[in-house]
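Asker: Input structure: target_12.cif, which contains mmCIF, C-alpha atoms.
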data_work
loop_
_atom_site.label_atom_id
_atom_site.label_comp_id
_atom_site.auth_asym_id
_atom_site.auth_seq_id
_atom_site.Cartn_x
_atom_site.Cartn_y
_atom_site.Cartn_z
CA MET A 186 -8.75 -4.90 20.57
CA SER A 187 -11.70 -5.17 18.15
CA VAL A 188 -12.18 -5.79 14.44
CA LYS A 189 -12.86 -2.05 14.05
CA ASP A 190 -9.52 -1.14 15.69
CA GLY A 191 -7.82 -3.65 13.46
CA PHE A 192 -5.60 -6.56 14.34
CA ARG A 193 -2.38 -8.26 13.35
CA ILE A 194 -1.72 -11.90 12.46
CA ASN A 195 1.81 -13.26 12.28
CA ILE A 196 2.50 -15.12 9.07
CA ARG A 197 5.53 -17.16 8.15
CA HIS A 198 7.00 -18.46 4.94
CA VAL A 199 6.30 -22.17 4.43
CA ASP A 200 10.04 -22.91 4.26
CA SER A 201 11.04 -20.77 7.25
CA LYS A 202 11.84 -23.82 9.37
CA GLY A 203 14.24 -25.26 6.80
CA ASN A 204 17.91 -24.56 6.28
CA TYR A 205 18.02 -23.36 2.68
CA SER A 206 20.04 -20.77 0.78
CA LYS A 207 18.23 -17.88 -0.87
CA LEU A 208 18.34 -19.46 -4.34
CA GLU A 209 17.16 -22.81 -2.95
CA LEU A 210 14.21 -21.03 -1.34
CA LEU A 211 13.38 -19.45 -4.72
CA GLN A 212 13.58 -22.83 -6.45
CA ARG A 213 11.29 -24.49 -3.89
CA GLY A 214 8.72 -21.71 -4.19
CA MET A 215 8.85 -21.77 -7.98
CA GLU A 216 8.37 -25.55 -8.01
CA ARG A 217 5.34 -25.28 -5.70
CA GLY A 218 3.92 -22.51 -7.88
CA ARG A 219 4.37 -24.26 -11.22
CA HIS A 220 0.76 -25.48 -11.46
CA ARG A 221 -0.55 -22.18 -10.15
CA LEU A 222 1.36 -20.28 -12.81
CA ALA A 223 0.31 -22.65 -15.59
CA ARG A 224 -3.36 -22.27 -14.72
CA LEU A 225 -3.11 -18.50 -14.26
CA SER A 226 -1.34 -18.19 -17.60
CA SER A 227 -3.87 -20.45 -19.31
CA LEU A 228 -6.53 -17.88 -18.46
CA ALA A 229 -4.69 -15.41 -20.60
CA SER A 230 -4.83 -17.65 -23.64
CA THR A 231 -8.37 -18.96 -23.21
CA SER A 232 -10.22 -18.21 -26.41
CA SER A 233 -12.90 -15.58 -26.04
CA ASP A 234 -15.55 -17.79 -27.63
CA ASP A 235 -15.75 -19.93 -24.47
CA SER A 236 -19.27 -18.97 -23.46
CA VAL A 237 -18.94 -20.18 -19.87
CA GLN A 238 -15.71 -19.64 -18.02
CA SER A 239 -15.90 -20.19 -14.31
CA PRO A 240 -13.45 -18.04 -12.35
CA LEU A 241 -10.19 -19.65 -11.38
CA HIS A 242 -8.97 -19.71 -7.80
CA ALA A 243 -5.24 -19.64 -7.29
CA GLY A 244 -5.00 -22.19 -4.44
CA ASN A 245 -1.76 -23.10 -2.72
CA GLY A 246 0.29 -20.32 -1.14
CA GLU A 247 3.67 -19.45 0.24
CA PHE A 248 2.67 -18.07 3.66
CA LEU A 249 1.00 -19.67 6.66
CA MET A 250 -1.11 -17.86 9.25
CA ASN A 251 -2.13 -18.86 12.78
CA ILE A 252 -5.87 -18.80 13.43
CA ALA A 253 -8.23 -20.49 15.87
CA ILE A 254 -11.70 -21.76 15.09
CA GLY A 255 -14.74 -22.68 17.17
CA THR A 256 -15.80 -22.51 20.83
CA PRO A 257 -13.65 -23.56 22.60
CA PRO A 258 -11.07 -22.39 19.99
CA SER A 259 -8.85 -24.94 18.21
CA SER A 260 -5.66 -23.48 16.73
CA TYR A 261 -4.42 -24.30 13.28
CA LEU A 262 -2.14 -23.07 10.50
CA ALA A 263 -3.89 -21.94 7.34
CA ILE A 264 -2.47 -21.01 3.95
CA MET A 265 -2.91 -17.32 3.13
CA ASP A 266 -4.03 -16.79 -0.47
CA THR A 267 -4.69 -13.43 -2.11
CA GLY A 268 -5.71 -15.25 -5.30
CA SER A 269 -8.90 -16.87 -4.00
CA ASP A 270 -11.85 -16.06 -1.73
CA LEU A 271 -13.10 -19.10 0.18
CA ILE A 272 -12.06 -19.69 3.81
CA TRP A 273 -12.05 -23.40 4.62
CA THR A 274 -10.59 -26.08 6.85
CA GLN A 275 -10.69 -29.86 6.86
CA CYS A 276 -13.57 -31.21 8.94
CA THR A 277 -14.60 -34.57 10.33
CA PRO A 278 -16.12 -36.89 9.27
CA CYS A 279 -13.60 -37.23 6.42
CA VAL A 280 -14.45 -38.80 3.10
CA GLU A 281 -10.94 -37.90 1.91
CA CYS A 282 -8.60 -35.77 4.00
CA TYR A 283 -4.88 -35.17 3.63
CA LYS A 284 -2.45 -35.36 6.53
CA GLN A 285 -2.28 -32.03 8.36
CA PRO A 286 -0.03 -30.77 11.20
CA THR A 287 -2.90 -30.29 13.72
CA PRO A 288 -6.03 -32.32 14.63
CA ILE A 289 -8.85 -32.07 12.05
CA PHE A 290 -11.66 -29.72 13.13
CA ASP A 291 -14.74 -31.48 14.54
CA PRO A 292 -17.76 -29.15 14.23
CA THR A 293 -19.78 -31.27 16.70
CA GLN A 294 -17.34 -30.23 19.45
CA SER A 295 -17.91 -26.49 18.92
CA SER A 296 -20.88 -24.71 20.52
CA SER A 297 -20.70 -21.84 18.00
CA PHE A 298 -20.88 -23.89 14.76
CA SER A 299 -23.96 -23.81 12.56
CA LYS A 300 -24.61 -24.74 8.94
CA LEU A 301 -25.24 -21.95 6.44
CA SER A 302 -28.65 -22.04 4.78
CA CYS A 303 -29.00 -22.32 1.03
CA SER A 304 -30.73 -18.94 0.94
CA SER A 305 -27.79 -17.16 2.61
CA LYS A 306 -25.90 -14.47 0.69
CA LEU A 307 -22.60 -16.37 0.98
CA CYS A 308 -24.12 -19.59 -0.32
CA LYS A 309 -25.44 -17.70 -3.32
CA SER A 310 -21.94 -16.29 -3.91
CA LEU A 311 -20.52 -19.74 -4.62
CA THR A 312 -20.07 -20.64 -8.27
CA ASN A 313 -20.53 -24.33 -7.48
CA SER A 314 -23.01 -25.30 -4.74
CA ASN A 315 -25.77 -27.79 -4.01
CA CYS A 316 -28.59 -27.93 -1.49
CA ASN A 317 -28.99 -31.34 0.09
CA ASP A 318 -28.17 -30.87 3.76
CA GLY A 319 -27.37 -27.19 4.18
CA CYS A 320 -25.28 -25.32 1.61
CA GLY A 321 -22.92 -27.81 -0.03
CA TYR A 322 -19.89 -26.43 -1.89
CA MET A 323 -17.18 -27.57 -4.27
CA TYR A 324 -14.19 -25.28 -4.88
CA ALA A 325 -11.39 -26.00 -7.35
CA TYR A 326 -7.92 -24.47 -7.44
CA GLY A 327 -5.26 -23.69 -10.03
CA ASP A 328 -3.19 -26.78 -9.25
CA TYR A 329 -6.25 -29.05 -9.74
CA SER A 330 -6.70 -29.43 -5.97
CA THR A 331 -10.29 -29.39 -4.72
CA THR A 332 -12.19 -29.04 -1.47
CA GLN A 333 -15.82 -29.95 -0.97
CA GLY A 334 -18.16 -30.16 1.99
CA VAL A 335 -20.73 -27.96 3.66
CA MET A 336 -20.66 -24.22 4.32
CA GLY A 337 -20.73 -23.35 8.02
CA SER A 338 -20.81 -20.27 10.22
CA GLU A 339 -18.31 -20.14 13.07
CA THR A 340 -16.33 -17.94 15.45
CA PHE A 341 -12.77 -17.39 14.22
CA THR A 342 -10.14 -15.98 16.57
CA PHE A 343 -7.29 -13.91 15.13
CA GLY A 344 -4.63 -13.29 17.78
CA GLN A 345 -6.79 -12.24 20.74
CA VAL A 346 -9.72 -11.02 18.62
CA PRO A 347 -12.74 -13.37 18.32
CA VAL A 348 -14.96 -12.71 15.26
CA PRO A 349 -18.36 -14.47 15.21
CA ASN A 350 -20.38 -15.58 12.18
CA ILE A 351 -17.59 -16.09 9.66
CA GLY A 352 -18.82 -18.17 6.73
CA PHE A 353 -16.40 -20.96 5.83
CA GLY A 354 -16.15 -24.30 4.09
CA CYS A 355 -16.14 -27.34 6.35
CA GLY A 356 -14.31 -29.66 3.96
CA ASN A 357 -14.94 -33.42 4.20
CA ASP A 358 -13.40 -34.26 0.83
CA ASN A 359 -10.12 -32.43 0.17
CA GLU A 360 -7.78 -33.62 -2.54
CA GLY A 361 -4.57 -32.27 -3.97
CA ARG A 362 -0.91 -31.62 -3.31
CA GLY A 363 -1.02 -27.92 -2.59
CA PHE A 364 -2.47 -27.84 0.90
CA THR A 365 -0.35 -30.08 3.08
CA GLN A 366 1.54 -27.33 4.94
CA GLY A 367 -1.70 -26.12 6.55
CA ALA A 368 -5.09 -27.33 7.74
CA GLY A 369 -6.95 -25.25 5.19
CA LEU A 370 -6.86 -21.94 3.40
CA VAL A 371 -7.87 -18.33 4.05
CA GLY A 372 -8.91 -16.50 0.89
CA LEU A 373 -8.04 -12.80 0.81
CA GLY A 374 -9.34 -12.05 -2.67
CA ARG A 375 -11.84 -9.36 -3.69
CA GLY A 376 -15.01 -11.50 -3.70
CA PRO A 377 -17.76 -11.70 -1.02
CA LEU A 378 -16.54 -15.02 0.45
CA SER A 379 -13.07 -13.74 1.36
CA LEU A 380 -11.98 -12.90 4.88
CA VAL A 381 -11.44 -9.21 4.13
CA SER A 382 -14.94 -8.92 2.61
CA GLN A 383 -16.60 -10.76 5.50
CA LEU A 384 -14.80 -8.69 8.15
CA GLY A 385 -16.05 -5.53 6.43
CA THR A 386 -12.90 -3.67 7.47
CA GLY A 387 -12.39 -2.39 3.93
CA LYS A 388 -8.64 -2.87 3.91
CA PHE A 389 -5.76 -5.16 4.77
CA SER A 390 -2.02 -5.06 4.31
CA TYR A 391 0.91 -7.39 4.61
CA CYS A 392 4.60 -6.83 5.15
CA LEU A 393 6.79 -9.74 4.02
CA THR A 394 10.24 -10.17 5.52
CA SER A 395 13.06 -11.28 3.23
CA ILE A 396 12.63 -14.85 1.93
CA ASP A 397 15.66 -16.03 3.93
CA ASP A 398 14.74 -14.18 7.15
CA SER A 399 13.59 -16.40 10.02
CA LYS A 400 11.52 -13.55 11.52
CA THR A 401 7.77 -13.66 10.94
CA SER A 402 5.94 -11.42 8.51
CA SER A 403 2.78 -9.45 9.35
CA LEU A 404 -0.78 -9.48 8.04
CA LEU A 405 -2.80 -6.46 9.23
CA PHE A 406 -6.54 -5.76 9.07
CA GLY A 407 -8.76 -2.74 9.61
CA SER A 408 -7.39 0.64 10.67
CA LEU A 409 -4.11 -1.02 11.70
CA ALA A 410 -3.52 -1.96 8.04
CA SER A 411 -2.75 1.64 7.13
CA SER A 412 -1.86 3.26 10.48
CA VAL A 413 1.08 1.03 11.38
CA ASN A 414 4.26 3.08 11.86
CA THR A 415 6.54 3.01 8.84
CA ASN A 416 8.94 5.75 7.87
CA GLY A 417 9.14 4.84 4.21
CA VAL A 418 7.87 6.69 1.17
CA SER A 419 4.41 5.59 0.04
CA VAL A 420 3.06 5.39 -3.53
CA THR A 421 -0.53 4.55 -4.52
CA THR A 422 -2.05 3.13 -7.70
CA PRO A 423 -5.67 2.24 -8.63
CA LEU A 424 -6.91 -1.36 -8.59
CA ILE A 425 -8.54 -2.58 -11.80
CA ARG A 426 -11.48 -4.98 -11.95
CA ASN A 427 -11.62 -7.95 -14.30
CA PRO A 428 -15.24 -9.21 -14.43
CA SER A 429 -14.12 -12.65 -15.62
CA GLN A 430 -11.63 -13.03 -12.71
CA PRO A 431 -13.19 -11.01 -9.86
CA SER A 432 -10.95 -12.33 -7.05
CA PHE A 433 -7.61 -11.09 -8.39
CA TYR A 434 -5.93 -7.78 -7.63
CA TYR A 435 -5.19 -6.28 -11.05
CA LEU A 436 -2.90 -3.26 -11.43
CA SER A 437 -2.14 -0.98 -14.36
CA LEU A 438 1.57 -1.40 -15.20
CA GLU A 439 2.58 1.20 -17.79
CA GLY A 440 6.32 0.64 -18.15
CA ILE A 441 9.63 -0.56 -16.66
CA THR A 442 12.99 1.16 -16.18
CA VAL A 443 16.29 -0.73 -15.78
CA GLY A 444 19.19 1.49 -14.67
CA ASP A 445 18.56 4.83 -16.34
CA THR A 446 16.80 3.34 -19.36
CA ARG A 447 13.02 3.29 -19.70
CA LEU A 448 12.48 0.19 -21.82
CA PRO A 449 10.62 0.45 -25.15
CA ILE A 450 7.68 -1.69 -24.00
CA GLU A 451 4.41 -1.09 -25.86
CA LYS A 452 1.84 0.25 -23.39
CA SER A 453 -0.66 -2.39 -24.57
CA THR A 454 1.72 -5.19 -23.45
CA PHE A 455 0.39 -5.20 -19.89
CA ALA A 456 -3.17 -4.09 -20.66
CA LEU A 457 -6.18 -6.09 -19.49
CA LYS A 458 -8.00 -7.11 -22.66
CA GLU A 459 -11.74 -6.98 -23.23
CA ASP A 460 -12.03 -10.78 -23.17
CA GLY A 461 -10.47 -10.83 -19.67
CA SER A 462 -7.06 -12.06 -20.78
CA GLY A 463 -3.71 -10.35 -20.22
CA GLY A 464 -3.29 -7.75 -17.50
CA VAL A 465 -1.09 -7.69 -14.41
CA ILE A 466 -1.98 -9.15 -11.01
CA ILE A 467 -0.15 -8.86 -7.72
CA ASP A 468 -0.07 -12.13 -5.80
CA SER A 469 1.36 -13.24 -2.46
CA GLY A 470 1.30 -16.91 -3.47
CA THR A 471 3.56 -16.67 -6.54
CA THR A 472 7.28 -16.50 -5.69
CA ILE A 473 8.99 -14.58 -8.50
CA THR A 474 7.59 -12.05 -10.96
CA TYR A 475 6.52 -13.27 -14.39
CA LEU A 476 6.32 -10.65 -17.14
CA GLU A 477 4.66 -11.04 -20.50
CA ALA A 478 7.29 -12.65 -22.75
CA THR A 479 8.18 -9.68 -24.97
CA ALA A 480 8.56 -7.37 -21.95
CA PHE A 481 10.61 -9.93 -20.04
CA LYS A 482 13.00 -10.26 -22.99
CA LEU A 483 13.63 -6.49 -22.91
CA VAL A 484 14.19 -6.54 -19.13
CA LYS A 485 16.56 -9.51 -19.41
CA ASN A 486 18.55 -7.89 -22.24
CA ALA A 487 18.86 -4.63 -20.29
CA PHE A 488 20.32 -6.40 -17.24
CA GLU A 489 22.67 -8.41 -19.47
CA GLU A 490 24.00 -5.21 -21.02
CA GLN A 491 24.31 -3.25 -17.77
CA ILE A 492 25.80 -5.83 -15.39
CA LYS A 493 29.51 -6.23 -16.03
CA LEU A 494 29.83 -9.89 -14.99
CA PRO A 495 30.19 -13.06 -17.05
CA LEU A 496 26.91 -14.82 -17.84
CA ALA A 497 26.34 -18.20 -16.18
CA ASP A 498 24.01 -21.10 -16.93
CA GLY A 499 20.91 -20.53 -14.82
CA ASP A 500 19.44 -23.99 -15.38
CA SER A 501 20.64 -25.24 -12.00
CA ALA A 502 18.76 -22.36 -10.38
CA GLY A 503 15.75 -22.68 -12.69
CA LEU A 504 16.07 -19.03 -13.73
CA ASP A 505 16.53 -17.39 -17.13
CA LEU A 506 19.32 -14.95 -16.32
CA CYS A 507 22.28 -15.65 -14.03
CA PHE A 508 25.78 -14.21 -13.67
CA SER A 509 28.97 -15.73 -12.25
CA LEU A 510 29.78 -14.16 -8.89
CA PRO A 511 33.38 -13.02 -8.42
CA SER A 512 35.12 -13.93 -5.14
CA ASP A 513 34.97 -10.29 -4.09
CA THR A 514 31.31 -9.30 -4.27
CA SER A 515 31.67 -5.90 -2.57
CA ASP A 516 31.73 -3.77 -5.68
CA ILE A 517 29.03 -5.39 -7.81
CA ASN A 518 26.86 -2.68 -9.32
CA VAL A 519 23.23 -3.78 -9.70
CA PRO A 520 21.16 -1.45 -11.92
CA LYS A 521 17.97 0.04 -10.49
CA LEU A 522 14.61 -1.51 -11.36
CA LEU A 523 11.44 0.58 -11.43
CA PHE A 524 7.91 -0.56 -12.17
CA HIS A 525 5.84 2.36 -13.47
CA PHE A 526 2.27 1.75 -12.31
CA ASP A 527 -0.55 4.20 -13.01
CA GLY A 528 0.33 7.14 -10.73
CA ALA A 529 3.02 5.24 -8.81
CA ASP A 530 6.68 4.47 -9.53
CA LEU A 531 7.76 1.46 -7.48
CA ASP A 532 11.54 1.58 -6.97
CA LEU A 533 12.56 -1.93 -5.96
CA PRO A 534 15.50 -2.63 -3.63
CA ALA A 535 18.15 -4.76 -5.39
CA ASP A 536 17.51 -7.68 -2.97
CA ASN A 537 13.97 -7.91 -4.35
CA TYR A 538 15.04 -8.84 -7.86
CA MET A 539 18.73 -9.86 -7.93
CA ILE A 540 19.46 -12.88 -5.73
CA ALA A 541 23.08 -13.75 -4.98
CA ASP A 542 24.14 -17.16 -3.68
CA SER A 543 27.86 -17.33 -2.83
CA ASN A 544 27.73 -21.14 -2.33
CA MET A 545 26.52 -21.65 -5.89
CA GLY A 546 28.67 -18.75 -7.16
CA LEU A 547 25.62 -17.28 -8.88
CA MET A 548 23.65 -14.06 -8.96
CA CYS A 549 20.28 -14.43 -10.70
CA LEU A 550 17.38 -12.25 -11.76
CA ALA A 551 14.30 -13.39 -9.82
CA MET A 552 11.97 -12.99 -12.78
CA GLY A 553 10.69 -15.02 -15.70
CA GLY A 554 8.55 -14.76 -18.81
CA SER A 555 4.87 -15.69 -19.15
CA ASN A 556 2.32 -15.93 -21.93
CA GLY A 557 -0.29 -13.23 -21.58
CA MET A 558 -0.93 -12.51 -17.93
CA SER A 559 1.86 -10.94 -15.84
CA ILE A 560 2.22 -11.60 -12.11
CA ILE A 561 4.07 -9.52 -9.50
CA GLY A 562 5.40 -12.18 -7.10
CA ASN A 563 6.20 -12.08 -3.39
CA VAL A 564 10.00 -11.72 -3.72
CA GLN A 565 9.42 -8.36 -5.41
CA GLN A 566 7.16 -7.37 -2.48
CA GLN A 567 9.66 -8.06 0.34
CA ASN A 568 10.19 -5.34 2.93
CA THR A 569 7.27 -3.38 1.55
CA LEU A 570 3.97 -2.68 3.31
CA VAL A 571 1.45 -3.63 0.62
CA LEU A 572 -1.92 -2.05 1.44
CA HIS A 573 -5.04 -3.35 -0.31
CA ASP A 574 -7.75 -0.71 0.15
CA LEU A 575 -11.01 -2.22 -1.09
CA ASP A 576 -13.05 0.86 -0.15
CA LYS A 577 -10.94 3.23 -2.23
CA GLN A 578 -10.05 0.51 -4.79
CA THR A 579 -6.35 1.33 -4.52
CA MET A 580 -3.10 -0.39 -3.63
CA SER A 581 -0.26 1.39 -1.81
CA PHE A 582 3.39 0.39 -1.45
CA THR A 583 5.51 1.69 1.44
CA SER A 584 9.17 0.78 1.84
CA THR A 585 9.37 -0.84 5.32
CA LYS A 586 11.74 -2.95 7.42
CA CYS A 587 9.15 -5.68 7.89
CA ASP A 588 11.12 -7.53 10.58
CA GLN A 589 10.86 -4.41 12.79
CA LEU A 590 7.16 -3.74 12.27
#
Rewrite the structure from the file as structure tokens, please.

Answerer:
Amino acid sequence: MSVKDGFRINIRHVDSKGNYSKLELLQRGMERGRHRLARLSSLASTSSDDSVQSPLHAGNGEFLMNIAIGTPPSSYLAIMDTGSDLIWTQCTPCVECYKQPTPIFDPTQSSSFSKLSCSSKLCKSLTNSNCNDGCGYMYAYGDYSTTQGVMGSETFTFGQVPVPNIGFGCGNDNEGRGFTQGAGLVGLGRGPLSLVSQLGTGKFSYCLTSIDDSKTSSLLFGSLASSVNTNGVSVTTPLIRNPSQPSFYYLSLEGITVGDTRLPIEKSTFALKEDGSGGVIIDSGTTITYLEATAFKLVKNAFEEQIKLPLADGDSAGLDLCFSLPSDTSDINVPKLLFHFDGADLDLPADNYMIADSNMGLMCLAMGGSNGMSIIGNVQQQNTLVLHDLDKQTMSFTSTKCDQL
């Protein structure tokens, strides 16, 4: 197996070891993502007269991946984040390190570690670096967490595939709440520092099992990302670039249908504006989908009209639209939901947007409203092979039973 052939990494939801109902899992993910969402949304309302706006990195995530680092390899769990680029792990000696599940990486014990020079391409790609002893970095995230240290080059092992000369942050000073599930973070964004850019494989995909499924999800790189056997229908839409936020995967969302009704949403509602605000991103680290407020109101009203169940107070679930579940749930009719992307109609399975919890007696819409930027969250991406093709600048969705991949 080589990088060229492609490889698979098992990923798991951060709450997969807990015993939670589906709605509880949503609540936990939404709570973790609160800061992320607030910072992402604040981008959309940043006034265009800000002459310097450093790109935001999303930070915490909802999925953990197993990787090994160094020679001999030390295994650790890292947070997977499609909303940022830097790969990093905590390193000794620590100025400030948080408690992590595995021993902290000691670069002096690895024969393949070296510091990156200040003249290296990756060092120059950092928005915030210094040059005292090697290439020093400081990287800030959406929930105000930070990591700083020195940029190194090291052999990373993914499954059975060792990959030399991966540039990463060896973090001696790491502060914030968002990281504690893992020993660091693997950025899968569109910038030069990300794992997908450094591997040079041009594409990656993931297939997320249902939020309450104990089976692992898959992250696939290289030719395997698109050649994996799925029998589902595939649709493809172009990726859009936002120069002011180059890491994010922006898509062109042109409309939404609920049931048989295409909603009267102005096409400009989801457009990426010239000042870099607005637009629609797809993100593995945000739990539910957040739609620009006027569009969300139309979606919410359409479901209210079409679902013939009494409305319930969704405050306990932290969601805007909930219905009371009857004792016999067999004949509940959930209207279809389609996202109309440029050139691709994504027909979502009901489980990806309407979450029923018989213990709480509720069925809730797993969506919310946002100001400006819209985000397609991971619940809406369940049981779908989501292919990011950076060479073709496209994204493809294929309906897939991810637990059987």

Asker: Distance CA of Gly191 in chain A-CA of Ala263 in chain A, one decimal place?

Answerer: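 Between CA of Gly191 in chain A and CA of Ala263 in chain A the gap works out to 19.7 Å.
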
Asker: Starting from the displayed file, determine the output of the PyMOL selection byres ((chain A and resi 563-566) around 6) and express the residue list as a count of residues only.

Answerer: 7

Asker: For the structure provided, state which residues fall under the PyMOL selection byres ((chain A and resi 500-512) around 10), and present them as number ranges by chain.

Answerer: A: 208-209, 211-212, 215-216, 473, 481-482, 485-486, 488-489, 492-499, 513-517, 539-554

Asker: For Ser201 in chain A, which residue among A:Leu476, A:Ile396, A:Leu448, A:Ala253 is the nearest when counting only C-alpha atoms?

Answerer: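 Ranking A:Leu476, A:Ile396, A:Leu448, A:Ala253 by distance to Ser201 in chain A, first place goes to A:Ile396.
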
Asker: Considering all atoms listed in the file, state which residue in the set A:Leu522, A:Ala223, A:Val346, A:Cys320 is at the smallest distance from Ser304 in chain A.

Answerer: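 Residue with the minimum atom-to-atom distance to Ser304 in chain A: A:Cys320.
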
Asker: CA of Tyr434 in chain A and CA of Gly356 in chain A are how many Å apart?

Answerer: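 Distance reported for this atom pair: 26.1 Å.
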
Asker: When you count all atoms listed in the file, which of these residues is closest to Pro347 in chain A: A:Gly417, A:Pro292, A:Pro257, A:Gly444?

Answerer: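 So, comparing all the options, the nearest one is A:Pro257.
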
Asker: Could you check how far CA of Lys521 in chain A sits from CA of Asp445 in chain A, in Å to one decimal?

Answerer: 7.6 Å

Asker: Exactly which residues make up the result of the PyMOL selection byres ((chain A and resi 268-281) around 9) on this file, given as a PyMOL selection string?

Answerer: chain A and resi 241-244+246+263+266-267+282-283+285+289-293+311+324+326+332+334+336+351-360+367-380+382+432-434+467-470

Asker: Which polymer residues, protein or nucleic acid, are no farther than 12 Å from (-29.1, -25.0, -2.6), counting all atoms listed in the file, as a PyMOL selection string?

Answerer: chain A and resi 301-322+335-336

Asker: Please put the answer as JSON: centre and edge lengths, in Å with one decimal, of a box along x, y and z that encloses all listed atoms of range 466-481 of chain A plus 8 Å on each side.

Answerer:
{"center_x": 4.3, "center_y": -12.1, "center_z": -13.7, "size_x": 28.6, "size_y": 25.5, "size_z": 38.5}

Asker: Which of these, A:Leu575, A:Val199, A:Tyr435, A:Leu570, has the shortest distance to Cys392 in chain A once you count all atoms listed in the file?

Answerer: A:Leu570

Asker: Using all atoms listed in the file for the distances, tell me which of A:Leu590, A:Glu439, A:Gly337, A:Thr454 is nearest to Ala478 in chain A.

Answerer: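 Ranking A:Leu590, A:Glu439, A:Gly337, A:Thr454 by distance to Ala478 in chain A, first place goes to A:Thr454.
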
Asker: Taking 5 positions as the minimum chain separation for residues in the same chain, which residues sit within 10 Å of Arg447 in chain A when counting all atoms listed in the file? Answer as a list of chain:residue names.

Answerer: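 The contact residues come out as A:Gly440, A:Ile441, A:Thr442, A:Val484, A:Ala487, A:Leu522, A:Leu523, A:Phe524, A:His525.
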
Asker: Counting only C-alpha atoms, which of A:Gly385, A:Pro258, A:Gly461, A:Gly407 gets nearest to Thr340 in chain A?

Answerer: A:Pro258

Asker: Fewer than 6 positions away in the same chain doesn't count, so skip those; otherwise give me all residues within 9 Å of Ile196 in chain A, counting all atoms listed in the file, as a VMD selection string.

Answerer: chain A and resid 248 to 251 265 393 401 to 404

Asker: May I have the residues within 9 Å of Ser559 in chain A as a ChimeraX atom specification, using only C-alpha atoms and disregarding those fewer than 3 positions away in the same chain?

Answerer: /A:226,455,463-467,474-478,554-556
